Amino acid sequence: MRKLGCLTGLFVLLSSGSAMADESLKLRQIWEGRVDYFMTGLSFAVDTDSDAKVDRMLLPAVVRVQADVVPPSASLKHVRVYWGGTQTQTGADCVGSQADDQILVSTPDGDALQVKADGCYCSGADSGSYDLWVCHADITALAGSRIDGQWGFDEYEGQVANGTTDTASAALMFVYEAPQLSPRRVALFDGNYVLSEATANFRLDVNVDQMPQGDLTYYVLEGDLGGLGPEGISVDGIPGAAGPTTLSDAVNPLDNPFNRTINTVTPAQTNSVGVDIDRYDISTALTAGDTAVSATYTAGEDKVWLAVNVVGVNLFDPVLSQKSFKSGTLEDLDGNGVASPGDRITYVIHLENSGNERATVTVNDVIPDGLTNFAVLSVGAGTNVSTASELVVSNVVVEVDQAVDIRFQATIGAVTDLTTIANTAAWSQPTEGGLAGSVTSETVEVRVDADGDGIFDTDDNCPDVANAAQVDADANGIGDACEGDTPDTGIVAPDMGLADVGPTVEAYGECRVDATRGGGSACLDDAARPVRTAP
């Protein structure tokens, strides 16, 4: 497959009337590999008087994710929650209102998560009386390992007072991986754009697989059962031999997709007032060899807020990001049990291709400060064009379902105690297409017994010079303030914290600090007393 110039996610607004978007939808994140996604959600509010407008909050609210939406062997890579709705405005757009930026989320494992938003997007809503807010948070580290089961929401507050555009809802997005999945690129666009008499277009560069397959999901707030004017969603592959496809299904007509439905639950909801979350198969719009996918949203005279657009397309590309890694092995040449100057580290850059096309890349690795005597050991059949300070290996070929290892060695140089060394290798965008990427080894912490007392402690970076003005309080034969020795008064203060004992001298543990010498000092005796720093 020919090389793409770059990977882009493009969002364009084409307006035929007045429209305000305080946060245009942008490409926020891409996942690539044997991955896929699932998105669902629910409304927080109900219509009790049957006038097609919400008038009462219904919390706690729950949505159940069916067990068959993901493969049994799938593992979670990312979980993101979105929530929001209408807020009363008492001043200027997005200034006279506030988002509810905290929400309670419960997981299928029974955990209750108090979630604080990573950020919130506001739309002035073309109105002087209300704003509409959408908040989002990455909860991957908190959500556990399950996708299926019951997810709950509570503690949201917003305007739900029978207004025409009152709304309150949430959506969950899951990205997962499984070995039986086809290589795929999943792209997340989000923001908060009021779509009324306007058109929004998204474009994602991607090498479409020989067996074209893809889907699109959106999260829209508000929407009406009967839209007016041209309304619809069209998807087209580029250059696009298949031609554009207008999306629809059993609950979403061609000319009215923003109609208060959620088709990602079973059975599909058809009157979810104030929210629309729908997923569509877009495979018929794609042709093998297409290099981009374009999606166009049109809302007619219906006022809706487009918050999330997710596109997943099967790739004909190499994928190096999923299984590649970098490791480092320490040779403790002096046998002191720690990483220290003179020890050697052997690094392995492991590139593994889980895609369906070979990858040809250049690998770069800038040798970090603190390492010397850099030497290349193996280049995985690539061409070694390294310099004295950078590993460079060109024409590295990684076949499908194969791996290549590049190895090099370096020696820890003359550094100070507690220096950390981190090392990152990067590969270029493959000639055949796909993504550039990088891998980083675990950080190495270097220990240096600078004072030669046989102990690694925080005094090791202090000048080890005897000072007649210091009493040798720790009895190591050297009077120095770094180790907790006291001034020549001969007084050893009790371990009482920081106490004022005079106009220029402070008593601090076993150290007396003369403030006229510049303020405080960090003191530690050789018994490894916890470090405390005087102000």
# chains A, B, ... in the order shown; residues from 1 in each chain; ligands from 1
$ residues_around --residues "A:Ala285" --least-positions-apart "5" --cutoff "9 Å" --atoms "only C-alpha atoms" --output "PyMOL selection string"
chain A and resi 212+214+235-237+240-246+293
$ write_last_selection --atoms "N, CA, C and O atoms" --output "PDB file, in the first residue's frame"
ATOM      1  N   PRO A 212     -13.253  -4.354   2.967  1.00  0.00           N
ATOM      2  CA  PRO A 212     -13.660  -3.109   3.633  1.00  0.00           C
ATOM      3  C   PRO A 212     -14.688  -3.340   4.739  1.00  0.00           C
ATOM      4  O   PRO A 212     -15.681  -4.026   4.542  1.00  0.00           O
ATOM      5  N   GLY A 214     -16.154  -1.027   8.364  1.00  0.00           N
ATOM      6  CA  GLY A 214     -16.024   0.102   9.272  1.00  0.00           C
ATOM      7  C   GLY A 214     -17.355   0.458   9.899  1.00  0.00           C
ATOM      8  O   GLY A 214     -18.411  -0.043   9.505  1.00  0.00           O
ATOM      9  N   VAL A 235     -21.674   9.180   4.590  1.00  0.00           N
ATOM     10  CA  VAL A 235     -20.293   8.711   4.713  1.00  0.00           C
ATOM     11  C   VAL A 235     -19.778   8.331   3.337  1.00  0.00           C
ATOM     12  O   VAL A 235     -20.485   7.702   2.537  1.00  0.00           O
ATOM     13  N   ASP A 236     -18.530   8.702   3.057  1.00  0.00           N
ATOM     14  CA  ASP A 236     -17.943   8.426   1.748  1.00  0.00           C
ATOM     15  C   ASP A 236     -16.484   8.031   1.916  1.00  0.00           C
ATOM     16  O   ASP A 236     -15.748   8.662   2.685  1.00  0.00           O
ATOM     17  N   GLY A 237     -16.060   6.992   1.217  1.00  0.00           N
ATOM     18  CA  GLY A 237     -14.652   6.654   1.138  1.00  0.00           C
ATOM     19  C   GLY A 237     -13.983   7.500   0.071  1.00  0.00           C
ATOM     20  O   GLY A 237     -14.625   7.918  -0.895  1.00  0.00           O
ATOM     21  N   GLY A 240     -13.090   6.692  -3.310  1.00  0.00           N
ATOM     22  CA  GLY A 240     -14.498   6.364  -3.202  1.00  0.00           C
ATOM     23  C   GLY A 240     -15.195   5.814  -4.414  1.00  0.00           C
ATOM     24  O   GLY A 240     -16.113   6.436  -4.935  1.00  0.00           O
ATOM     25  N   ALA A 241     -14.808   4.633  -4.854  1.00  0.00           N
ATOM     26  CA  ALA A 241     -15.521   3.995  -5.954  1.00  0.00           C
ATOM     27  C   ALA A 241     -16.930   3.585  -5.552  1.00  0.00           C
ATOM     28  O   ALA A 241     -17.824   3.482  -6.393  1.00  0.00           O
ATOM     29  N   ALA A 242     -17.137   3.342  -4.260  1.00  0.00           N
ATOM     30  CA  ALA A 242     -18.451   2.894  -3.794  1.00  0.00           C
ATOM     31  C   ALA A 242     -19.478   4.015  -3.804  1.00  0.00           C
ATOM     32  O   ALA A 242     -20.678   3.769  -3.900  1.00  0.00           O
ATOM     33  N   GLY A 243     -19.046   5.265  -3.684  1.00  0.00           N
ATOM     34  CA  GLY A 243     -19.977   6.384  -3.619  1.00  0.00           C
ATOM     35  C   GLY A 243     -20.491   6.597  -2.213  1.00  0.00           C
ATOM     36  O   GLY A 243     -20.405   5.706  -1.364  1.00  0.00           O
ATOM     37  N   PRO A 244     -21.036   7.780  -1.913  1.00  0.00           N
ATOM     38  CA  PRO A 244     -21.495   8.090  -0.550  1.00  0.00           C
ATOM     39  C   PRO A 244     -22.687   7.240  -0.134  1.00  0.00           C
ATOM     40  O   PRO A 244     -23.513   6.853  -0.956  1.00  0.00           O
ATOM     41  N   THR A 245     -22.747   6.968   1.179  1.00  0.00           N
ATOM     42  CA  THR A 245     -23.848   6.210   1.761  1.00  0.00           C
ATOM     43  C   THR A 245     -24.521   7.062   2.819  1.00  0.00           C
ATOM     44  O   THR A 245     -23.846   7.609   3.708  1.00  0.00           O
ATOM     45  N   THR A 246     -25.841   7.193   2.758  1.00  0.00           N
ATOM     46  CA  THR A 246     -26.598   7.898   3.789  1.00  0.00           C
ATOM     47  C   THR A 246     -27.022   6.880   4.844  1.00  0.00           C
ATOM     48  O   THR A 246     -27.611   5.843   4.509  1.00  0.00           O
ATOM     49  N   VAL A 293     -11.686   8.428   4.964  1.00  0.00           N
ATOM     50  CA  VAL A 293     -13.123   8.295   5.172  1.00  0.00           C
ATOM     51  C   VAL A 293     -13.665   9.658   5.562  1.00  0.00           C
ATOM     52  O   VAL A 293     -13.096  10.351   6.413  1.00  0.00           O
TER      53      VAL A 293
END
$ residues_around --residues "A:Val70" --least-positions-apart "5" --cutoff "12 Å" --atoms "only C-alpha atoms" --output "number ranges by chain"
A: 35-39, 65, 75-76, 146-149, 174-178, 180-181
$ write_last_selection --atoms "N, CA and C atoms" --output "short mmCIF file (atom, residue, chain, number, x, y, z; two decimals), in the first residue's frame"
data_model
loop_
_atom_site.label_atom_id
_atom_site.label_comp_id
_atom_site.auth_asym_id
_atom_site.auth_seq_id
_atom_site.Cartn_x
_atom_site.Cartn_y
_atom_site.Cartn_z
N VAL A 35 -7.90 -3.89 17.59
CA VAL A 35 -8.73 -3.16 18.55
C VAL A 35 -10.10 -2.87 17.94
N ASP A 36 -11.03 -2.56 18.81
CA ASP A 36 -12.35 -2.09 18.40
C ASP A 36 -12.92 -1.27 19.55
N TYR A 37 -14.13 -0.76 19.37
CA TYR A 37 -14.72 0.08 20.40
C TYR A 37 -16.21 -0.21 20.52
N PHE A 38 -16.77 0.24 21.63
CA PHE A 38 -18.22 0.17 21.84
C PHE A 38 -18.62 1.40 22.63
N MET A 39 -19.77 1.97 22.26
CA MET A 39 -20.25 3.17 22.94
C MET A 39 -21.74 3.04 23.22
N VAL A 65 -24.70 -3.14 29.68
CA VAL A 65 -23.93 -3.52 28.49
C VAL A 65 -24.02 -5.03 28.35
N SER A 75 -9.66 -7.43 26.19
CA SER A 75 -9.15 -6.71 27.35
C SER A 75 -9.29 -5.22 27.12
N LEU A 76 -9.61 -4.50 28.17
CA LEU A 76 -9.86 -3.07 28.07
C LEU A 76 -8.58 -2.28 27.86
N ARG A 146 -13.99 -5.08 33.44
CA ARG A 146 -15.23 -5.53 32.79
C ARG A 146 -15.86 -4.43 31.96
N ILE A 147 -16.43 -4.85 30.83
CA ILE A 147 -17.26 -3.97 30.02
C ILE A 147 -18.72 -4.34 30.23
N ASP A 148 -19.03 -5.64 30.19
CA ASP A 148 -20.41 -6.08 30.30
C ASP A 148 -20.91 -5.94 31.72
N GLY A 149 -22.22 -5.72 31.81
CA GLY A 149 -22.84 -5.58 33.11
C GLY A 149 -23.50 -4.23 33.27
N PHE A 174 -15.84 2.56 25.27
CA PHE A 174 -14.85 1.54 25.61
C PHE A 174 -14.00 1.23 24.38
N VAL A 175 -12.70 1.16 24.55
CA VAL A 175 -11.80 0.66 23.51
C VAL A 175 -11.17 -0.61 24.07
N TYR A 176 -11.20 -1.68 23.28
CA TYR A 176 -10.70 -2.97 23.75
C TYR A 176 -9.89 -3.64 22.65
N GLU A 177 -9.08 -4.63 23.05
CA GLU A 177 -8.29 -5.39 22.09
C GLU A 177 -8.51 -6.87 22.31
N ALA A 178 -8.37 -7.63 21.23
CA ALA A 178 -8.48 -9.09 21.29
C ALA A 178 -7.71 -9.66 20.11
N GLN A 180 -8.21 -12.03 18.04
CA GLN A 180 -8.95 -12.47 16.86
C GLN A 180 -9.50 -11.31 16.04
N LEU A 181 -9.36 -10.07 16.52
CA LEU A 181 -9.85 -8.92 15.77
C LEU A 181 -8.94 -8.61 14.60
#
$ atom_distance --atom1 "atom CA of A:Asn256" --atom2 "atom CA of A:Val311"
20.4 Å
$ closest_residue --among "A:Ala388, A:Leu351, A:Val63, A:Val273" --to "A:Asp401" --atoms "only C-alpha atoms"
A:Leu351
$ atom_distance --atom1 "atom CA of A:Val160" --atom2 "atom CA of A:Asp47"
9.7 Å
$ closest_residue --among "A:Val79, A:Leu377, A:Ala250, A:Leu435" --to "A:Ser145" --atoms "only C-alpha atoms"
A:Val79
$ select_by_dssp --residues "stretch 24-212 of chain A" --states "strand (DSSP E)" --output "PyMOL selection string"
chain A and resi 24-33+35-43+45-46+56-57+61-65+75-88+102-106+112-116+119-123+130-138+149-154+168-177+184-195+198-205
$ closest_residue --among "A:Thr424, A:Gln159, A:Asn353, A:Ser294" --to "A:Lys323" --atoms "only C-alpha atoms"
A:Asn353
